[in-house]
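S.K.: Supplied structure: final.cif, mmCIF, C-alpha atoms and all ligand atoms.
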```cif
data_input
#
loop_
_atom_site.group_PDB
_atom_site.id
_atom_site.type_symbol
_atom_site.label_atom_id
_atom_site.label_comp_id
_atom_site.auth_asym_id
_atom_site.auth_seq_id
_atom_site.Cartn_x
_atom_site.Cartn_y
_atom_site.Cartn_z
ATOM 1 C CA MET W 1 140.629 11.185 -208.036
ATOM 2 C CA ALA W 2 140.355 8.588 -205.285
ATOM 3 C CA PHE W 3 139.998 9.537 -201.626
ATOM 4 C CA SER W 4 139.820 7.740 -198.306
ATOM 5 C CA LEU W 5 136.294 9.057 -197.655
ATOM 6 C CA GLY W 6 133.552 11.080 -199.255
ATOM 7 C CA THR W 7 133.917 13.485 -196.332
ATOM 8 C CA ALA W 8 137.610 13.952 -197.161
ATOM 9 C CA ALA W 9 136.734 14.643 -200.807
ATOM 10 C CA LEU W 10 134.199 17.273 -199.691
ATOM 11 C CA HIS W 11 136.761 18.837 -197.372
ATOM 12 C CA LEU W 12 139.525 19.120 -199.962
ATOM 13 C CA GLY W 13 136.989 20.106 -202.622
ATOM 14 C CA LEU W 14 136.097 23.139 -200.518
ATOM 15 C CA LEU W 15 139.727 23.986 -199.771
ATOM 16 C CA ALA W 16 140.476 23.708 -203.493
ATOM 17 C CA LEU W 17 137.692 26.220 -204.163
ATOM 18 C CA GLY W 18 139.505 28.572 -201.812
ATOM 19 C CA VAL W 19 137.113 28.331 -198.854
ATOM 20 C CA GLN W 20 138.819 29.894 -195.839
ATOM 21 C CA PRO W 21 138.149 30.548 -192.163
ATOM 22 C CA GLY W 22 135.408 33.154 -191.820
ATOM 23 C CA ASP W 23 133.793 32.293 -195.170
ATOM 24 C CA GLU W 24 130.213 31.123 -195.469
ATOM 25 C CA VAL W 25 129.082 28.137 -197.521
ATOM 26 C CA ILE W 26 125.435 27.600 -198.396
ATOM 27 C CA THR W 27 123.853 24.177 -198.215
ATOM 28 C CA CYS W 28 120.594 22.703 -196.980
ATOM 29 C CA PRO W 29 119.886 21.130 -193.596
ATOM 30 C CA ASN W 30 118.201 18.034 -195.051
ATOM 31 C CA THR W 31 121.363 15.987 -195.531
ATOM 32 C CA PHE W 32 123.905 13.826 -193.743
ATOM 33 C CA LEU W 33 126.105 15.669 -191.245
ATOM 34 C CA ALA W 34 129.247 15.238 -193.388
ATOM 35 C CA THR W 35 128.097 17.899 -195.877
ATOM 36 C CA ALA W 36 128.235 20.558 -193.169
ATOM 37 C CA GLU W 37 131.226 19.040 -191.367
ATOM 38 C CA ALA W 38 133.385 19.609 -194.446
ATOM 39 C CA ILE W 39 132.489 23.305 -194.277
ATOM 40 C CA THR W 40 133.358 23.416 -190.580
ATOM 41 C CA TYR W 41 136.707 21.659 -191.193
ATOM 42 C CA CYS W 42 137.675 24.635 -193.396
ATOM 43 C CA GLY W 43 136.902 27.040 -190.540
ATOM 44 C CA ALA W 44 133.934 28.301 -192.558
ATOM 45 C CA ARG W 45 130.317 28.587 -191.456
ATOM 46 C CA PRO W 46 127.493 26.485 -192.883
ATOM 47 C CA VAL W 47 124.563 28.679 -193.902
ATOM 48 C CA PHE W 48 121.416 26.688 -194.473
ATOM 49 C CA VAL W 49 118.581 27.280 -196.910
ATOM 50 C CA ASP W 50 115.407 25.256 -197.022
ATOM 51 C CA ILE W 51 114.439 22.535 -199.501
ATOM 52 C CA ASP W 52 111.958 22.337 -202.321
ATOM 53 C CA PRO W 53 109.436 19.991 -200.675
ATOM 54 C CA SER W 54 108.564 18.374 -204.012
ATOM 55 C CA THR W 55 112.093 16.980 -204.390
ATOM 56 C CA ALA W 56 113.613 17.287 -200.883
ATOM 57 C CA ASN W 57 116.634 18.975 -202.523
ATOM 58 C CA LEU W 58 117.994 22.473 -201.948
ATOM 59 C CA ASP W 59 115.570 25.090 -203.317
ATOM 60 C CA PRO W 60 117.517 27.446 -205.616
ATOM 61 C CA VAL W 61 114.931 30.187 -205.181
ATOM 62 C CA ARG W 62 116.003 30.591 -201.557
ATOM 63 C CA ILE W 63 119.734 30.918 -202.167
ATOM 64 C CA ALA W 64 119.978 34.618 -202.997
ATOM 65 C CA ARG W 65 118.422 35.646 -199.649
ATOM 66 C CA ALA W 66 121.092 33.694 -197.749
ATOM 67 C CA VAL W 67 124.051 35.272 -199.552
ATOM 68 C CA THR W 68 126.244 37.761 -197.682
ATOM 69 C CA PRO W 69 129.582 39.363 -198.604
ATOM 70 C CA ARG W 70 131.251 36.350 -196.914
ATOM 71 C CA THR W 71 129.540 33.694 -199.003
ATOM 72 C CA ARG W 72 132.043 31.771 -201.049
ATOM 73 C CA ALA W 73 130.389 28.571 -202.269
ATOM 74 C CA ILE W 74 127.231 26.469 -202.501
ATOM 75 C CA ILE W 75 127.001 22.720 -201.847
ATOM 76 C CA PRO W 76 123.899 21.230 -203.477
ATOM 77 C CA ILE W 77 123.269 17.634 -202.441
ATOM 78 C CA HIS W 78 121.847 15.126 -204.922
ATOM 79 C CA LEU W 79 119.912 13.593 -202.069
ATOM 80 C CA TYR W 80 118.655 10.010 -202.388
ATOM 81 C CA GLY W 81 120.311 9.917 -205.849
ATOM 82 C CA ARG W 82 117.988 12.603 -207.285
ATOM 83 C CA PRO W 83 119.871 15.436 -209.016
ATOM 84 C CA ALA W 84 119.492 18.899 -207.517
ATOM 85 C CA ASP W 85 118.299 21.675 -209.850
ATOM 86 C CA MET W 86 121.785 22.441 -211.116
ATOM 87 C CA ASP W 87 120.982 24.892 -213.955
ATOM 88 C CA ALA W 88 119.194 27.190 -211.522
ATOM 89 C CA ILE W 89 121.897 26.777 -208.867
ATOM 90 C CA ARG W 90 124.708 27.418 -211.326
ATOM 91 C CA SER W 91 123.099 30.471 -212.812
ATOM 92 C CA ILE W 92 122.637 31.988 -209.327
ATOM 93 C CA ALA W 93 126.224 31.053 -208.482
ATOM 94 C CA GLU W 94 127.553 32.661 -211.662
ATOM 95 C CA ASN W 95 125.546 35.849 -211.099
ATOM 96 C CA LEU W 96 126.735 36.140 -207.499
ATOM 97 C CA LYS W 97 130.296 34.937 -208.208
ATOM 98 C CA LEU W 98 129.996 31.861 -206.018
ATOM 99 C CA LEU W 99 131.533 28.433 -206.590
ATOM 100 C CA VAL W 100 129.658 25.136 -206.604
ATOM 101 C CA LEU W 101 130.762 21.848 -205.036
ATOM 102 C CA GLU W 102 128.288 19.027 -205.709
ATOM 103 C CA ASP W 103 127.683 16.548 -202.905
ATOM 104 C CA ALA W 104 127.187 13.509 -205.126
ATOM 105 C CA ALA W 105 127.804 11.015 -202.299
ATOM 106 C CA GLN W 106 124.463 9.312 -203.007
ATOM 107 C CA ALA W 107 124.210 9.833 -206.736
ATOM 108 C CA HIS W 108 126.712 7.742 -208.718
ATOM 109 C CA GLY W 109 125.722 7.885 -212.371
ATOM 110 C CA ALA W 110 122.637 10.109 -211.913
ATOM 111 C CA ARG W 111 121.868 12.412 -214.843
ATOM 112 C CA TYR W 112 120.698 16.010 -214.797
ATOM 113 C CA ARG W 113 119.268 17.111 -218.175
ATOM 114 C CA GLY W 114 121.233 14.278 -219.775
ATOM 115 C CA ARG W 115 124.537 15.172 -218.074
ATOM 116 C CA ARG W 116 126.064 13.047 -215.353
ATOM 117 C CA VAL W 117 126.276 14.577 -211.903
ATOM 118 C CA GLY W 118 129.860 15.125 -210.831
ATOM 119 C CA GLY W 119 130.641 17.477 -213.722
ATOM 120 C CA LEU W 120 128.011 20.130 -213.087
ATOM 121 C CA GLY W 121 129.865 22.449 -210.721
ATOM 122 C CA GLN W 122 133.514 23.370 -210.164
ATOM 123 C CA ALA W 123 134.011 20.027 -208.380
ATOM 124 C CA ALA W 124 132.039 17.133 -206.886
ATOM 125 C CA ALA W 125 132.483 14.628 -204.074
ATOM 126 C CA PHE W 126 131.363 10.991 -204.159
ATOM 127 C CA SER W 127 131.270 8.441 -201.331
ATOM 128 C CA PHE W 128 131.939 4.715 -201.623
ATOM 129 C CA TYR W 129 130.751 3.880 -198.120
ATOM 130 C CA PRO W 130 129.594 0.223 -198.300
ATOM 131 C CA SER W 131 125.874 1.056 -198.368
ATOM 132 C CA LYS W 132 126.227 3.452 -201.316
ATOM 133 C CA ASN W 133 125.135 2.529 -204.878
ATOM 134 C CA LEU W 134 128.815 1.897 -205.573
ATOM 135 C CA GLY W 135 130.266 0.724 -202.277
ATOM 136 C CA ALA W 136 133.759 -0.350 -201.301
ATOM 137 C CA TYR W 137 134.474 -3.117 -198.786
ATOM 138 C CA GLY W 138 135.319 -0.372 -196.336
ATOM 139 C CA GLU W 139 135.497 3.398 -196.701
ATOM 140 C CA GLY W 140 136.223 5.323 -199.884
ATOM 141 C CA GLY W 141 135.497 8.526 -201.750
ATOM 142 C CA ALA W 142 136.329 10.485 -204.892
ATOM 143 C CA LEU W 143 136.627 14.070 -206.045
ATOM 144 C CA THR W 144 135.848 14.958 -209.651
ATOM 145 C CA THR W 145 136.595 18.222 -211.446
ATOM 146 C CA ASN W 146 137.255 19.591 -214.916
ATOM 147 C CA ASP W 147 139.497 22.299 -213.489
ATOM 148 C CA ASP W 148 143.239 21.565 -213.635
ATOM 149 C CA SER W 149 144.117 23.868 -210.742
ATOM 150 C CA ILE W 150 141.548 22.213 -208.460
ATOM 151 C CA ALA W 151 142.859 18.775 -209.474
ATOM 152 C CA LYS W 152 146.457 19.792 -208.889
ATOM 153 C CA TYR W 153 145.752 21.188 -205.428
ATOM 154 C CA ALA W 154 143.565 18.266 -204.361
ATOM 155 C CA ARG W 155 146.015 15.654 -205.598
ATOM 156 C CA ALA W 156 148.816 17.175 -203.535
ATOM 157 C CA ALA W 157 146.686 17.966 -200.478
ATOM 158 C CA ARG W 158 145.390 14.376 -200.418
ATOM 159 C CA SER W 159 148.926 13.115 -199.871
ATOM 160 C CA HIS W 160 150.691 15.386 -197.357
ATOM 161 C CA GLY W 161 151.036 18.297 -199.779
ATOM 162 C CA GLN W 162 153.434 16.307 -201.954
ATOM 163 C CA THR W 163 154.007 17.526 -205.503
ATOM 164 C CA ALA W 164 156.818 15.000 -206.108
ATOM 165 C CA ARG W 165 158.175 12.191 -203.959
ATOM 166 C CA TYR W 166 159.114 13.734 -200.568
ATOM 167 C CA GLU W 167 158.634 17.248 -201.951
ATOM 168 C CA HIS W 168 156.024 18.771 -199.641
ATOM 169 C CA GLU W 169 154.881 22.109 -200.963
ATOM 170 C CA PHE W 170 152.418 22.660 -198.129
ATOM 171 C CA VAL W 171 151.007 20.884 -195.080
ATOM 172 C CA GLY W 172 148.344 18.559 -196.442
ATOM 173 C CA TYR W 173 146.433 15.509 -195.284
ATOM 174 C CA ASN W 174 146.562 11.756 -195.620
ATOM 175 C CA TYR W 175 143.282 11.253 -197.469
ATOM 176 C CA ARG W 176 144.484 8.558 -199.882
ATOM 177 C CA MET W 177 142.256 5.627 -200.764
ATOM 178 C CA GLN W 178 143.444 2.198 -199.631
ATOM 179 C CA GLY W 179 144.651 0.182 -202.607
ATOM 180 C CA PHE W 180 142.402 -2.722 -201.705
ATOM 181 C CA GLN W 181 139.311 -0.508 -201.840
ATOM 182 C CA GLY W 182 140.381 0.782 -205.246
ATOM 183 C CA ALA W 183 140.693 -2.789 -206.519
ATOM 184 C CA VAL W 184 137.206 -3.675 -205.227
ATOM 185 C CA LEU W 185 135.656 -0.540 -206.717
ATOM 186 C CA ARG W 186 137.321 -1.117 -210.074
ATOM 187 C CA ILE W 187 135.570 -4.467 -210.359
ATOM 188 C CA LYS W 188 132.245 -3.282 -208.957
ATOM 189 C CA LEU W 189 132.176 -0.287 -211.315
ATOM 190 C CA HIS W 190 131.493 -2.652 -214.231
ATOM 191 C CA TYR W 191 128.185 -3.594 -212.585
ATOM 192 C CA LEU W 192 127.044 -0.108 -211.635
ATOM 193 C CA ASP W 193 124.890 0.607 -214.722
ATOM 194 C CA ARG W 194 123.141 -2.768 -214.369
ATOM 195 C CA TRP W 195 122.539 -2.202 -210.647
ATOM 196 C CA THR W 196 121.274 1.315 -211.289
ATOM 197 C CA ALA W 197 118.849 0.074 -213.943
ATOM 198 C CA ARG W 198 117.452 -2.437 -211.438
ATOM 199 C CA ARG W 199 117.045 0.269 -208.767
ATOM 200 C CA GLN W 200 115.176 2.405 -211.320
ATOM 201 C CA GLU W 201 112.935 -0.513 -212.243
ATOM 202 C CA ILE W 202 112.072 -1.108 -208.584
ATOM 203 C CA ALA W 203 111.355 2.611 -208.166
ATOM 204 C CA ARG W 204 108.988 2.579 -211.161
ATOM 205 C CA GLU W 205 107.121 -0.362 -209.656
ATOM 206 C CA TYR W 206 106.855 1.370 -206.264
ATOM 207 C CA ARG W 207 105.532 4.501 -207.974
ATOM 208 C CA ARG W 208 102.975 2.508 -209.942
ATOM 209 C CA VAL W 209 101.626 0.770 -206.842
ATOM 210 C CA PHE W 210 101.713 3.941 -204.716
ATOM 211 C CA ALA W 211 99.761 6.051 -207.226
ATOM 212 C CA SER W 212 96.563 5.590 -205.227
ATOM 213 C CA ALA W 213 98.126 5.281 -201.749
ATOM 214 C CA LYS W 214 97.807 7.809 -198.932
ATOM 215 C CA LEU W 215 101.432 8.903 -198.948
ATOM 216 C CA GLY W 216 103.730 11.403 -200.630
ATOM 217 C CA VAL W 217 106.494 10.545 -203.081
ATOM 218 C CA PRO W 218 109.127 13.078 -204.243
ATOM 219 C CA ASN W 219 108.818 14.283 -207.843
ATOM 220 C CA ASP W 220 111.146 12.962 -210.492
ATOM 221 C CA SER W 221 111.769 15.456 -213.275
ATOM 222 C CA PRO W 222 111.168 13.800 -216.664
ATOM 223 C CA HIS W 223 114.424 15.464 -217.805
ATOM 224 C CA ASP W 224 116.587 13.864 -215.109
ATOM 225 C CA GLU W 225 117.536 10.370 -213.979
ATOM 226 C CA SER W 226 117.581 9.565 -210.289
ATOM 227 C CA VAL W 227 119.665 6.546 -209.295
ATOM 228 C CA TYR W 228 117.519 5.868 -206.240
ATOM 229 C CA HIS W 229 120.099 5.490 -203.519
ATOM 230 C CA GLN W 230 116.996 5.623 -201.353
ATOM 231 C CA PHE W 231 113.352 5.332 -202.305
ATOM 232 C CA VAL W 232 111.635 7.604 -199.822
ATOM 233 C CA VAL W 233 107.998 8.269 -199.134
ATOM 234 C CA PHE W 234 106.354 10.755 -196.792
ATOM 235 C CA VAL W 235 103.840 9.279 -194.359
ATOM 236 C CA ASN W 236 101.800 10.285 -191.328
ATOM 237 C CA ASN W 237 102.184 8.314 -188.074
ATOM 238 C CA ARG W 238 105.612 7.134 -189.135
ATOM 239 C CA ASN W 239 106.406 5.090 -186.031
ATOM 240 C CA SER W 240 103.239 3.082 -186.423
ATOM 241 C CA VAL W 241 103.872 2.586 -190.172
ATOM 242 C CA MET W 242 107.411 1.385 -189.412
ATOM 243 C CA SER W 243 106.292 -1.100 -186.792
ATOM 244 C CA GLN W 244 103.481 -2.447 -188.988
ATOM 245 C CA LEU W 245 105.989 -2.933 -191.810
ATOM 246 C CA ALA W 246 108.410 -4.609 -189.396
ATOM 247 C CA ALA W 247 105.630 -7.004 -188.357
ATOM 248 C CA ARG W 248 105.442 -8.024 -192.031
ATOM 249 C CA GLY W 249 109.204 -8.598 -192.108
ATOM 250 C CA ILE W 250 110.026 -5.291 -193.828
ATOM 251 C CA GLU W 251 112.785 -3.073 -192.509
ATOM 252 C CA SER W 252 112.477 0.649 -193.134
ATOM 253 C CA ALA W 253 114.725 3.543 -192.148
ATOM 254 C CA ILE W 254 114.763 7.324 -191.750
ATOM 255 C CA HIS W 255 117.031 9.562 -193.814
ATOM 256 C CA TYR W 256 117.238 11.784 -191.871
ATOM 257 C CA PRO W 257 115.357 12.097 -188.587
ATOM 258 C CA ARG W 258 116.702 15.536 -187.651
ATOM 259 C CA PRO W 259 117.749 18.432 -189.888
ATOM 260 C CA LEU W 260 121.289 19.655 -189.345
ATOM 261 C CA HIS W 261 120.313 23.022 -187.830
ATOM 262 C CA LEU W 262 118.619 21.125 -184.978
ATOM 263 C CA GLN W 263 121.512 18.738 -184.356
ATOM 264 C CA PRO W 264 123.439 19.401 -181.122
ATOM 265 C CA ALA W 265 126.616 19.478 -183.236
ATOM 266 C CA TYR W 266 125.374 22.696 -184.849
ATOM 267 C CA SER W 267 123.661 24.334 -181.885
ATOM 268 C CA SER W 268 126.367 27.012 -182.025
ATOM 269 C CA LEU W 269 124.841 28.252 -185.290
ATOM 270 C CA ALA W 270 121.800 29.194 -183.156
ATOM 271 C CA TYR W 271 119.085 28.441 -185.676
ATOM 272 C CA PRO W 272 115.843 28.100 -183.679
ATOM 273 C CA PRO W 273 113.240 25.406 -184.486
ATOM 274 C CA CYS W 274 111.032 26.351 -187.465
ATOM 275 C CA SER W 275 113.949 28.115 -189.188
ATOM 276 C CA PHE W 276 113.587 25.669 -192.084
ATOM 277 C CA PRO W 277 110.029 24.348 -191.801
ATOM 278 C CA LEU W 278 110.088 22.348 -195.023
ATOM 279 C CA SER W 279 113.215 20.424 -194.027
ATOM 280 C CA GLU W 280 111.793 19.893 -190.556
ATOM 281 C CA ARG W 281 108.555 18.582 -192.006
ATOM 282 C CA ALA W 282 110.440 16.263 -194.362
ATOM 283 C CA CYS W 283 112.456 14.874 -191.448
ATOM 284 C CA ASP W 284 109.256 14.248 -189.476
ATOM 285 C CA HIS W 285 107.554 12.289 -192.251
ATOM 286 C CA VAL W 286 110.231 10.719 -194.448
ATOM 287 C CA LEU W 287 110.567 6.950 -194.628
ATOM 288 C CA SER W 288 113.081 4.952 -196.689
ATOM 289 C CA LEU W 289 111.870 1.669 -198.151
ATOM 290 C CA PRO W 290 114.078 -1.273 -199.065
ATOM 291 C CA ILE W 291 115.706 -0.796 -202.462
ATOM 292 C CA TYR W 292 118.745 -2.688 -203.711
ATOM 293 C CA PRO W 293 119.616 -4.368 -206.996
ATOM 294 C CA GLY W 294 119.216 -7.910 -205.647
ATOM 295 C CA MET W 295 115.564 -7.397 -204.607
ATOM 296 C CA THR W 296 113.302 -9.961 -206.277
ATOM 297 C CA PRO W 297 109.995 -8.949 -207.919
ATOM 298 C CA ASP W 298 108.179 -10.798 -205.119
ATOM 299 C CA GLN W 299 110.027 -8.803 -202.459
ATOM 300 C CA VAL W 300 109.232 -5.531 -204.236
ATOM 301 C CA ALA W 301 105.555 -6.498 -204.501
ATOM 302 C CA HIS W 302 105.491 -7.507 -200.822
ATOM 303 C CA VAL W 303 106.925 -4.152 -199.703
ATOM 304 C CA ALA W 304 104.670 -2.132 -201.998
ATOM 305 C CA THR W 305 101.407 -3.895 -201.244
ATOM 306 C CA SER W 306 102.169 -4.051 -197.506
ATOM 307 C CA LEU W 307 102.748 -0.312 -197.363
ATOM 308 C CA VAL W 308 99.535 0.428 -199.249
ATOM 309 C CA ARG W 309 97.673 -1.842 -196.830
ATOM 310 C CA VAL W 310 99.203 0.003 -193.857
ATOM 311 C CA VAL W 311 98.634 3.594 -195.041
ATOM 312 C CA GLY W 312 95.430 3.016 -197.029
ATOM 313 C CA THR W 313 94.305 4.436 -200.346
ATOM 314 C CA LYS W 314 93.209 7.966 -201.210
HETATM 315 C C1 LIG W 401 125.001 13.210 -198.528
HETATM 316 C C2 LIG W 401 126.289 12.671 -198.021
HETATM 317 N N1 LIG W 401 127.370 13.467 -197.966
HETATM 318 C C3 LIG W 401 128.555 13.029 -197.531
HETATM 319 C C4 LIG W 401 128.733 11.734 -197.096
HETATM 320 C C5 LIG W 401 130.057 11.332 -196.532
HETATM 321 O O1 LIG W 401 130.653 10.272 -197.174
HETATM 322 P P1 LIG W 401 131.624 9.277 -196.355
HETATM 323 O O2 LIG W 401 130.791 8.497 -195.416
HETATM 324 O O3 LIG W 401 132.216 8.432 -197.453
HETATM 325 O O4 LIG W 401 132.655 10.105 -195.690
HETATM 326 C C6 LIG W 401 127.649 10.847 -197.154
HETATM 327 C C7 LIG W 401 127.774 9.420 -196.794
HETATM 328 O O5 LIG W 401 127.758 8.939 -195.756
HETATM 329 C C8 LIG W 401 126.392 11.332 -197.609
HETATM 330 O O6 LIG W 401 125.324 10.531 -197.652
#
```
Please express what this file holds, its structure, as structure tokens.
Ligand SMILES: Cc1ncc(COP(=O)(O)O)c(C=O)c1O
M.R.:
Amino acid sequence: MAFSLGTAALHLGLLALGVQPGDEVITCPNTFLATAEAITYCGARPVFVDIDPSTANLDPVRIARAVTPRTRAIIPIHLYGRPADMDAIRSIAENLKLLVLEDAAQAHGARYRGRRVGGLGQAAAFSFYPSKNLGAYGEGGALTTNDDSIAKYARAARSHGQTARYEHEFVGYNYRMQGFQGAVLRIKLHYLDRWTARRQEIAREYRRVFASAKLGVPNDSPHDESVYHQFVVFVNNRNSVMSQLAARGIESAIHYPRPLHLQPAYSSLAYPPCSFPLSERACDHVLSLPIYPGMTPDQVAHVATSLVRVVGTK
């Protein structure tokens, strides 16, 4: 169902799972702030676990150690459009009686073991922020679920707790999507598969050229399909690499420069530096390269060969 924001979909997704003040929700610190903010909006506490450095996604092996009697849910993020290891996460969640809300904000259409993300937990949140693979002309989001009770709650909570016109069963929110954004997304949705295929083609070309380069690239499981919201690499001397790329007319970016446990916004959680060394290392070295469906083969080749020239070969 449509929402005003991905953040709003995350928020109501958690409330629909029954997350309450005092609960704990597990996620990883290598994500955009909104993942944790949604937990905080519910009065719950984000509990971080580190990433698998080969994928930059939440490492399922670390979840069990972070669980306490207050843990209620897990939010895996399909970061950069690469599906998190959902079978492992779900089996841990089922064993420990936890619920799973996917943060699919960056992963429209991605497939995990042949199944689309968005249907792999109890619910999932998507974002249609303009820079996303499917972007509105302003803000937008969506919540997906196969569970009727979650859908019923979220539908009412999204619109002031209304169950029928001017029948307010509880105090809800105004998290409705603007009609105009819905109209834009409805048209753009027809192009999503084509755009995704182009992103994947660009990613394959980057991988081919980078095979001998002195940099790291996250692993893609042969069983899954990343939709490459970002194509990230891990480099040394990042500032210098960025400025040398800029000198060749290539803009690069950092997603994300600081893990959430070291953000001032979450200083109250009191995680000291080195609490999540793999996330911290990823944040220190990660670099996002240009990737968008309209990139020409010449532009892709220019980015790829320039980066190899800057970082050198193995
Ligand atoms: C991983 C992740 N989660 C949540 C969000 C929040 O989505 P929105 O900006 O639509 O509220 C975003 C997007 O910015 C995101 O990248």
S.K.: In terms of the shortest atom-to-atom distance over only C-alpha atoms, which of W:Pro293, W:Pro29, W:Gly13, W:Pro46 is closest to Arg258 in chain W?
M.R.: W:Pro29
S.K.: Exactly which residues make up the result of the PyMOL selection byres (((chain W and resi 174-179) around 6) and not hetatm) on this file, given as a ChimeraX atom specification?
M.R.: /W:2-4,158-160,173,180-182
S.K.: Output the neighbourhood of ligand LIG 401 (chain W) as a list in words, that is, all protein and nucleic acid residues with some atom at most 6 Å from the ligand, counting only C-alpha atoms and all ligand atoms.
M.R.: Leu5, Gly6, Thr7, Thr31, Phe32, Ala34, Thr35, Asp103, Ala105, Gln106, Ser127, Phe128, Tyr129, Gly140 and Gly141 of chain W
S.K.: Can you measure CA of Arg82 in chain W to CA of Gln20 in chain W for me? One decimal in Å is fine.
M.R.: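 Computing the Euclidean distance for CA of Arg82 in chain W and CA of Gln20 in chain W yields 29.4 Å.
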S.K.: Spell out the residues picked by the PyMOL selection byres (((chain W and resi 111) around 7) and not hetatm) here, as a list in words.
M.R.: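 Matching residues under the PyMOL selection byres (((chain W and resi 111) around 7) and not hetatm) are Pro83, Gly109, Ala110, Tyr112, Arg113, Gly114, Arg115, Arg116, Val117, Asp224, Glu225 and Ser226 of chain W.
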S.K.: Any idea what the distance is between CA of Lys314 in chain W and CA of Lys214 in chain W?
M.R.: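 One can read the CA of Lys314 in chain W to CA of Lys214 in chain W distance as 5.1 Å.
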S.K.: Can you give me, as JSON, numbers by chain, the residues this file yields under the PyMOL selection byres (((chain W and resi 294) around 12) and not hetatm)?
M.R.: {"W": [194, 195, 196, 197, 198, 199, 201, 202, 290, 291, 292, 293, 295, 296, 297, 298, 299, 300]}
S.K.: Kindly indicate which residue among W:Leu17, W:Ala125, W:Ala66, W:Ile254 lies nearest to Ala104 in chain W, using only C-alpha atoms for the distances.
M.R.: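 Under the stated criterion, the closest residue is W:Ala125.
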S.K.: What's the separation between CA of Arg90 in chain W and CA of Ile51 in chain W, in Å to one decimal place?
M.R.: 16.4 Å
S.K.: Rank W:Gly312, W:Pro69, W:Gly118, W:Gly135 by their smallest atom-to-atom distance to Ala213 in chain W, using all atoms listed in the file, and report the top residue only.
M.R.: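 The closest residue to Ala213 in chain W is W:Gly312.
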S.K.: Out of W:Val184, W:Leu10, W:Ala36, W:Leu98, which residue has the shortest atom-to-atom distance to Glu139 in chain W when counting all atoms listed in the file?
M.R.: W:Val184
S.K.: When distances are computed from all atoms listed in the file, which of W:His11, W:His229, W:Arg45, W:His78 shows the smallest separation from Tyr266 in chain W?
M.R.: W:Arg45
S.K.: What lies within 12 Å of Ala151 in chain W using all atoms listed in the file, ignoring chain neighbours under 3 positions off, as a ChimeraX atom specification?
M.R.: /W:1-2,9,12-13,15-17,122-124,142-148,154-158,163
S.K.: Using all atoms listed in the file, collect all residues at a distance of at most 10 Å from (105.5, -5.6, -193.5) as written in the file, then present them as a ChimeraX atom specification.
M.R.: /W:241-252,302-307,309-310
S.K.: Between W:Leu96, W:Ala56, W:Leu14, W:Ile75, which one has atoms that come closest to Ala282 in chain W, using all atoms listed in the file?
M.R.: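 Ranked by minimum distance to Ala282 in chain W, first place goes to W:Ala56.
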S.K.: List the spatial neighbours of Leu134 in chain W as a PyMOL selection string - criterion: any atom at most 8 Å away, all atoms listed in the file, same-chain residues fewer than 4 positions off excluded.
M.R.: chain W and resi 108+128-130+185+188-189+192
S.K.: Fix up range 24-35 of chain W with N, CA and C atoms, then write it as a PDB file, keeping the file's coordinate frame.
M.R.:
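This went into rebuild-v3.pdb:
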```pdb
ATOM      1  N   GLU W  24     131.489  31.829-195.634  1.00  0.00           N
ATOM      2  CA  GLU W  24     130.213  31.123-195.469  1.00  0.00           C
ATOM      3  C   GLU W  24     129.974  30.240-196.691  1.00  0.00           C
ATOM      4  N   VAL W  25     129.405  29.069-196.439  1.00  0.00           N
ATOM      5  CA  VAL W  25     129.082  28.137-197.521  1.00  0.00           C
ATOM      6  C   VAL W  25     127.622  27.726-197.360  1.00  0.00           C
ATOM      7  N   ILE W  26     126.879  27.885-198.446  1.00  0.00           N
ATOM      8  CA  ILE W  26     125.435  27.600-198.396  1.00  0.00           C
ATOM      9  C   ILE W  26     125.165  26.137-198.727  1.00  0.00           C
ATOM     10  N   THR W  27     124.323  25.525-197.917  1.00  0.00           N
ATOM     11  CA  THR W  27     123.853  24.177-198.215  1.00  0.00           C
ATOM     12  C   THR W  27     122.470  24.020-197.594  1.00  0.00           C
ATOM     13  N   CYS W  28     121.905  22.826-197.625  1.00  0.00           N
ATOM     14  CA  CYS W  28     120.594  22.703-196.980  1.00  0.00           C
ATOM     15  C   CYS W  28     120.688  21.748-195.791  1.00  0.00           C
ATOM     16  N   PRO W  29     119.776  21.905-194.841  1.00  0.00           N
ATOM     17  CA  PRO W  29     119.886  21.130-193.596  1.00  0.00           C
ATOM     18  C   PRO W  29     119.354  19.710-193.717  1.00  0.00           C
ATOM     19  N   ASN W  30     118.751  19.376-194.876  1.00  0.00           N
ATOM     20  CA  ASN W  30     118.201  18.034-195.051  1.00  0.00           C
ATOM     21  C   ASN W  30     119.248  17.157-195.744  1.00  0.00           C
ATOM     22  N   THR W  31     120.262  16.770-194.984  1.00  0.00           N
ATOM     23  CA  THR W  31     121.363  15.987-195.531  1.00  0.00           C
ATOM     24  C   THR W  31     122.064  15.268-194.392  1.00  0.00           C
ATOM     25  N   PHE W  32     123.078  14.487-194.750  1.00  0.00           N
ATOM     26  CA  PHE W  32     123.905  13.826-193.743  1.00  0.00           C
ATOM     27  C   PHE W  32     124.903  14.855-193.190  1.00  0.00           C
ATOM     28  N   LEU W  33     125.271  14.673-191.937  1.00  0.00           N
ATOM     29  CA  LEU W  33     126.105  15.669-191.245  1.00  0.00           C
ATOM     30  C   LEU W  33     127.389  16.025-192.006  1.00  0.00           C
ATOM     31  N   ALA W  34     127.941  15.041-192.742  1.00  0.00           N
ATOM     32  CA  ALA W  34     129.247  15.238-193.388  1.00  0.00           C
ATOM     33  C   ALA W  34     129.269  16.450-194.328  1.00  0.00           C
ATOM     34  N   THR W  35     128.141  16.754-194.957  1.00  0.00           N
ATOM     35  CA  THR W  35     128.097  17.899-195.877  1.00  0.00           C
ATOM     36  C   THR W  35     128.515  19.167-195.124  1.00  0.00           C
TER      37      THR W  35
END
```
